[in-house]
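Enquirer: Dropping in work_28.txt, with compact mmCIF, C-alpha atoms and all ligand atoms.
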# COMPACT_ATOMS: atom_id res chain seq x y z
CA MET O 1 36.32 49.09 176.01
CA PRO O 2 32.70 49.51 174.96
CA GLU O 3 32.20 52.97 173.54
CA LEU O 4 28.98 54.71 172.56
CA PRO O 5 28.36 52.64 169.39
CA GLU O 6 28.70 49.37 171.29
CA VAL O 7 26.36 50.64 173.99
CA GLU O 8 23.82 51.75 171.39
CA THR O 9 24.14 48.40 169.61
CA THR O 10 23.55 46.67 172.93
CA ARG O 11 20.47 48.81 173.50
CA ARG O 12 19.06 47.92 170.09
CA GLY O 13 19.86 44.27 170.67
CA ILE O 14 18.20 43.86 174.06
CA GLU O 15 15.35 46.37 173.89
CA PRO O 16 12.92 44.32 171.77
CA LEU O 17 13.63 41.25 173.90
CA LEU O 18 12.98 42.99 177.20
CA SER O 19 10.20 45.48 176.54
CA GLY O 20 6.97 44.43 178.19
CA ARG O 21 8.63 41.49 179.95
CA ARG O 22 8.26 41.17 183.70
CA VAL O 23 11.18 40.48 186.01
CA MET O 24 10.67 37.28 188.01
CA SER O 25 13.83 37.36 190.09
CA VAL O 26 17.24 38.95 190.37
CA ASN O 27 20.40 36.98 191.00
CA ILE O 28 23.40 39.00 192.15
CA ARG O 29 26.40 36.66 192.08
CA GLU O 30 29.03 39.33 192.55
CA PRO O 31 27.98 42.67 194.03
CA ARG O 32 31.44 44.22 193.86
CA LEU O 33 31.26 46.16 190.63
CA ARG O 34 32.44 49.76 190.36
CA TRP O 35 29.82 50.54 192.98
CA PRO O 36 28.21 47.78 195.06
CA VAL O 37 25.12 46.18 193.52
CA THR O 38 22.64 46.53 196.36
CA ALA O 39 20.12 44.03 197.67
CA GLU O 40 17.56 46.80 197.12
CA LEU O 41 17.78 45.93 193.42
CA ALA O 42 16.78 42.34 194.12
CA ARG O 43 13.83 43.55 196.20
CA ALA O 44 12.65 46.29 193.86
CA LEU O 45 12.63 44.62 190.44
CA PRO O 46 10.61 41.38 190.77
CA GLY O 47 7.03 41.83 189.58
CA GLN O 48 7.83 44.89 187.48
CA ALA O 49 7.71 44.97 183.68
CA VAL O 50 10.30 46.71 181.53
CA ARG O 51 8.78 49.76 179.83
CA GLY O 52 11.71 50.46 177.59
CA VAL O 53 15.47 50.67 177.25
CA THR O 54 17.05 54.03 176.54
CA ARG O 55 20.60 55.31 176.42
CA ARG O 56 22.23 58.47 177.76
CA ALA O 57 25.94 58.78 176.90
CA LYS O 58 27.29 55.32 177.70
CA PHE O 59 24.61 54.54 180.30
CA LEU O 60 21.70 52.23 179.54
CA LEU O 61 18.45 52.94 181.37
CA LEU O 62 15.93 50.16 181.89
CA GLU O 63 12.67 51.87 182.71
CA PHE O 64 10.29 50.22 185.18
CA PRO O 65 7.06 51.59 186.70
CA ALA O 66 8.80 52.24 190.04
CA GLY O 67 12.16 53.52 188.81
CA HIS O 68 15.14 52.89 186.58
CA LEU O 69 17.96 50.40 186.49
CA ILE O 70 21.05 52.32 185.36
CA LEU O 71 23.61 50.07 183.68
CA HIS O 72 27.14 50.91 182.60
CA LEU O 73 29.42 48.45 180.83
CA GLY O 74 32.62 49.90 182.28
CA MET O 75 35.82 48.60 180.68
CA SER O 76 34.76 45.10 179.74
CA GLY O 77 31.06 44.64 180.41
CA SER O 78 28.46 43.10 178.13
CA LEU O 79 24.75 42.39 178.29
CA ARG O 80 23.02 39.50 176.61
CA VAL O 81 19.59 37.96 176.68
CA VAL O 82 20.08 34.21 177.01
CA SER O 83 18.06 31.13 177.84
CA GLY O 84 17.50 30.68 181.57
CA ASN O 85 18.95 27.17 181.16
CA LEU O 86 22.34 28.45 180.11
CA PRO O 87 24.70 28.03 183.08
CA PRO O 88 26.46 31.23 184.14
CA GLU O 89 30.18 31.54 183.59
CA LYS O 90 32.84 32.97 185.82
CA HIS O 91 32.29 36.66 185.13
CA ASP O 92 28.49 36.60 184.82
CA HIS O 93 27.79 38.76 187.86
CA LEU O 94 24.13 39.66 187.52
CA ASP O 95 21.03 37.95 186.08
CA LEU O 96 17.52 39.29 185.67
CA LEU O 97 15.21 36.33 185.09
CA MET O 98 12.30 37.41 182.90
CA ASP O 99 8.79 35.96 182.64
CA ASP O 100 9.52 34.27 179.29
CA GLY O 101 12.27 32.14 180.81
CA ARG O 102 15.05 34.22 179.36
CA VAL O 103 17.69 35.98 181.37
CA LEU O 104 19.29 39.38 180.97
CA ARG O 105 22.88 38.53 181.88
CA PHE O 106 25.56 41.06 182.78
CA ARG O 107 29.12 39.87 182.29
CA ASP O 108 32.04 42.03 183.38
CA PRO O 109 35.49 40.46 183.86
CA ARG O 110 37.13 43.67 185.07
CA ARG O 111 34.18 44.78 187.21
CA PHE O 112 34.30 48.49 186.33
CA GLY O 113 30.68 48.35 185.25
CA ALA O 114 27.66 49.43 187.24
CA ALA O 115 24.08 48.35 187.99
CA LEU O 116 22.28 50.96 190.07
CA TRP O 117 18.63 51.29 191.01
CA THR O 118 17.09 54.73 191.26
CA THR O 119 13.52 55.79 191.93
CA GLY O 120 14.13 59.44 191.03
CA ASP O 121 14.61 61.07 187.65
CA PRO O 122 17.51 59.06 186.20
CA LEU O 123 18.78 62.07 184.26
CA ALA O 124 19.17 63.89 187.60
CA HIS O 125 21.23 61.03 189.04
CA PRO O 126 24.71 62.26 190.12
CA LEU O 127 26.34 60.14 187.38
CA LEU O 128 24.21 61.62 184.61
CA LYS O 129 23.16 65.11 185.54
CA GLY O 130 26.27 67.00 184.43
CA LEU O 131 26.48 65.42 181.00
CA GLY O 132 26.63 67.54 177.87
CA PRO O 133 24.45 66.94 174.81
CA GLU O 134 24.33 63.66 172.93
CA PRO O 135 26.72 63.72 169.95
CA LEU O 136 24.01 62.53 167.55
CA GLU O 137 21.50 65.18 168.59
CA ASP O 138 21.10 68.73 167.30
CA GLN O 139 22.18 70.47 170.49
CA PHE O 140 25.69 69.23 169.70
CA ASN O 141 26.80 71.56 166.92
CA ALA O 142 29.65 73.81 165.85
CA GLU O 143 28.34 76.86 167.68
CA TRP O 144 28.08 74.87 170.91
CA LEU O 145 31.73 73.81 170.67
CA HIS O 146 32.97 77.17 169.47
CA VAL O 147 31.38 79.19 172.29
CA ARG O 148 32.59 76.78 174.96
CA SER O 149 36.13 76.56 173.65
CA ARG O 150 37.00 80.28 173.43
CA SER O 151 40.15 81.10 175.43
CA ARG O 152 40.62 77.43 176.34
CA ARG O 153 44.11 76.07 175.87
CA VAL O 154 43.21 72.42 176.44
CA ALA O 155 43.95 70.10 173.50
CA VAL O 156 40.93 69.76 171.24
CA LYS O 157 40.96 65.99 171.70
CA SER O 158 40.65 66.34 175.48
CA PHE O 159 37.97 68.99 174.96
CA LEU O 160 36.01 66.57 172.78
CA MET O 161 36.33 63.83 175.39
CA ASN O 162 35.05 66.08 178.20
CA SER O 163 31.61 64.65 178.96
CA ARG O 164 30.33 68.07 180.06
CA ILE O 165 30.99 69.34 176.55
CA VAL O 166 29.58 66.33 174.73
CA ALA O 167 28.50 63.02 176.24
CA GLY O 168 30.07 59.74 175.31
CA VAL O 169 32.74 60.54 172.71
CA GLY O 170 35.48 58.19 173.91
CA ASN O 171 39.14 57.90 173.09
CA ILE O 172 38.86 55.84 169.91
CA TYR O 173 36.17 57.90 168.22
CA ALA O 174 37.76 61.20 169.24
CA SER O 175 40.94 60.17 167.38
CA GLU O 176 38.92 58.95 164.41
CA ALA O 177 36.81 62.10 164.15
CA LEU O 178 39.79 64.45 164.37
CA TYR O 179 41.50 62.50 161.61
CA LEU O 180 38.42 62.66 159.42
CA ALA O 181 38.13 66.42 160.04
CA GLY O 182 41.86 67.00 159.41
CA ILE O 183 42.40 68.62 162.81
CA HIS O 184 45.54 67.96 164.86
CA PRO O 185 44.46 66.41 168.18
CA GLY O 186 46.88 68.53 170.20
CA ARG O 187 45.69 71.87 168.87
CA PRO O 188 44.31 74.16 171.60
CA ALA O 189 40.50 74.01 171.52
CA GLY O 190 40.29 77.80 171.72
CA ARG O 191 42.25 78.24 168.49
CA ILE O 192 39.90 76.29 166.24
CA SER O 193 37.54 78.24 164.01
CA LEU O 194 33.80 77.84 163.82
CA GLU O 195 34.21 76.48 160.30
CA ARG O 196 36.56 73.74 161.43
CA TYR O 197 34.24 72.89 164.31
CA ARG O 198 31.57 72.34 161.68
CA SER O 199 33.79 69.75 160.04
CA LEU O 200 34.51 68.19 163.40
CA VAL O 201 30.84 67.86 164.35
CA SER O 202 30.11 66.18 161.00
CA ALA O 203 33.09 63.88 161.52
CA VAL O 204 32.01 62.88 165.04
CA ARG O 205 28.55 62.02 163.72
CA ALA O 206 29.97 60.11 160.76
CA VAL O 207 32.33 57.91 162.77
CA LEU O 208 29.68 57.12 165.40
CA GLU O 209 26.96 56.43 162.84
CA ASP O 210 29.27 54.20 160.80
CA ALA O 211 30.12 52.19 163.87
CA ILE O 212 26.48 51.89 164.95
CA ALA O 213 25.55 50.74 161.45
CA ALA O 214 28.32 48.13 161.59
CA GLY O 215 26.98 47.03 164.97
CA GLY O 216 23.57 46.40 163.46
CA THR O 217 24.96 43.33 161.74
CA THR O 218 25.71 41.78 165.14
CA LEU O 219 22.30 42.27 166.73
CA ARG O 220 21.39 38.60 166.59
CA ASP O 221 24.40 37.87 168.80
CA PHE O 222 22.55 39.37 171.73
CA VAL O 223 20.17 36.44 171.92
CA ASP O 224 20.66 32.85 173.03
CA SER O 225 24.30 32.67 172.26
CA ASP O 226 27.23 32.23 174.52
CA GLY O 227 30.00 33.62 172.37
CA ASN O 228 31.83 36.82 172.89
CA PRO O 229 29.87 39.96 173.62
CA GLY O 230 28.30 41.46 170.56
CA TYR O 231 31.11 43.87 169.92
CA PHE O 232 31.87 44.19 166.28
CA SER O 233 35.26 44.51 164.74
CA ARG O 234 35.90 48.16 164.19
CA LYS O 235 37.17 49.46 160.90
CA LEU O 236 39.38 52.22 162.21
CA ARG O 237 41.02 54.86 160.06
CA VAL O 238 43.83 55.88 162.37
CA TYR O 239 43.36 54.57 165.90
CA GLY O 240 45.87 51.86 166.83
CA ARG O 241 47.76 52.19 163.52
CA GLN O 242 51.02 53.67 164.76
CA ASP O 243 53.78 53.61 162.08
CA GLU O 244 51.36 52.27 159.48
CA ALA O 245 50.72 54.36 156.39
CA CYS O 246 47.99 57.00 156.49
CA HIS O 247 45.19 55.86 154.15
CA ARG O 248 45.09 59.33 152.61
CA CYS O 249 48.73 60.36 152.14
CA GLY O 250 50.92 57.41 153.09
CA THR O 251 52.74 59.21 155.89
CA PRO O 252 53.34 56.95 158.93
CA VAL O 253 50.64 57.41 161.56
CA ARG O 254 51.99 58.84 164.80
CA SER O 255 51.02 58.17 168.36
CA ARG O 256 51.25 60.55 171.26
CA VAL O 257 49.76 60.75 174.74
CA ILE O 258 47.30 63.62 175.11
CA GLY O 259 45.40 64.03 178.36
CA GLN O 260 46.86 60.67 179.49
CA ARG O 261 45.22 58.86 176.58
CA SER O 262 46.87 57.28 173.55
CA THR O 263 46.16 59.40 170.53
CA TYR O 264 46.77 58.54 166.89
CA PHE O 265 47.03 61.03 164.07
CA CYS O 266 48.59 61.73 160.68
CA PRO O 267 51.12 64.55 161.08
CA ARG O 268 50.60 65.57 157.45
CA CYS O 269 46.79 65.43 157.10
CA GLN O 270 46.03 66.90 160.52
CA HIS O 271 47.20 70.37 161.43
ZN ZN Z 301 47.87 61.54 156.02
Please re-express this file's structure in structure tokens.

Expert:
Amino acid sequence: MPELPEVETTRRGIEPLLSGRRVMSVNIREPRLRWPVTAELARALPGQAVRGVTRRAKFLLLEFPAGHLILHLGMSGSLRVVSGNLPPEKHDHLDLLMDDGRVLRFRDPRRFGAALWTTGDPLAHPLLKGLGPEPLEDQFNAEWLHVRSRSRRVAVKSFLMNSRIVAGVGNIYASEALYLAGIHPGRPAGRISLERYRSLVSAVRAVLEDAIAAGGTTLRDFVDSDGNPGYFSRKLRVYGRQDEACHRCGTPVRSRVIGQRSTYFCPRCQH
């Protein structure tokens, strides 16, 4: 599943190719994504030039003079800028043909993604308005987590994955950050000290920044290529490594379901 680093890598990959380019036409081959892709999109976009591509949590926002196209990659989505001559494949559900002959192509085999047009403030859109701060921005800090977690018994991993607390920290990077910070994922959020939240905030930033940096090596894959989406292989410390030795102490990594999500941790290094 694309997490925040993949979405940010996508943004960096497509932004320079789309900025300033005008949409010539929109081809909706399959409107049944998580929410229907409306014909309004096909009417609104042609003739408008892309002003920029920004990201909020795991949403990408294509800014146009008359509004925003909100894109979400869902479970399996990818965006690429390809030659208009490249025939679409089975799961290529949406094309935006640009004035340079290239196409922004949205592929999504599982169809949990989204492509929504809004003319209002995109940050006030129902999908985005309740989101907490971005994990890589200053508003996300130890004090923020500490104040909001007092008297909460929820597991710290679930707390960290609550998008009202911080936007876009998904399952993989929550496990990774808690491992790096040495915090047991099942510990009640309200019982973690300010000092340990400082370590956790640094760890969240480190794992996301590492992954974004790794993604930078794949940026060329967003252009004129028909391979797999530009998702990079992740070098994970603990996620998905059940029964394998902890890199730090050699203890077998354990897996447990917390908040209905698979969670990986070292029982010795994380307490
Ligand atoms: Zn360990």

Enquirer: Residues at most 7 Å from ligand ZN 301 (chain Z), using only C-alpha atoms and all ligand atoms? Could they come as a PyMOL selection string?

Expert: chain O and resi 246-251+266-269

Enquirer: Name the residues in contact with Asp95 (chain O) at a cut-off of 9 Å, using only C-alpha atoms, excluding same-chain residues fewer than 2 positions from it; report them as a list in words.

Expert: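 That gives Ser25, Val26, Asn27, Ile28, Arg29, Pro88, Asp92, His93, Leu97, Val103, Leu104, Arg105 and Phe106 of chain O.
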
Enquirer: Pick out the closest residue to Arg43 (chain O) from this set: O:Ala57, O:Leu127, O:Ile70, O:Leu96. Count all atoms listed in the file.

Expert: O:Leu96

Enquirer: Of the candidates O:Leu45, O:Val257, O:Val7, O:Met75, which one gets nearest to Ile212 (chain O) if we count all atoms listed in the file?

Expert: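 Among O:Leu45, O:Val257, O:Val7, O:Met75, it is O:Val7 that comes nearest to Ile212 (chain O).
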
Enquirer: What does the structure give for the distance between CA of Ala124 (chain O) and CA of Arg11 (chain O), in Å to one decimal?

Expert: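 Going from CA of Ala124 (chain O) over to CA of Arg11 (chain O) covers 20.7 Å.
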
Enquirer: Leaving out region 201-207 of chain O and any residue of its chain fewer than 4 positions from it, which residues lie within 7 Å of it when counting all atoms listed in the file, given as a ChimeraX atom specification?

Expert: /O:135-136,141-142,173,176-177,180-181,197,211

Enquirer: Let's have the selection written as a compact mmCIF listing (two decimals), keeping the file's coordinate frame, with C-alpha atoms.

Expert:
# COMPACT_ATOMS: atom_id res chain seq x y z
CA PRO O 135 26.72 63.72 169.95
CA LEU O 136 24.01 62.53 167.55
CA ASN O 141 26.80 71.56 166.92
CA ALA O 142 29.65 73.81 165.85
CA TYR O 173 36.17 57.90 168.22
CA GLU O 176 38.92 58.95 164.41
CA ALA O 177 36.81 62.10 164.15
CA LEU O 180 38.42 62.66 159.42
CA ALA O 181 38.13 66.42 160.04
CA TYR O 197 34.24 72.89 164.31
CA ALA O 211 30.12 52.19 163.87

Enquirer: Tell me, in Å to one decimal, how far CA of Pro65 (chain O) is from CA of Thr119 (chain O).

Expert: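 Going from CA of Pro65 (chain O) over to CA of Thr119 (chain O) covers 9.3 Å.
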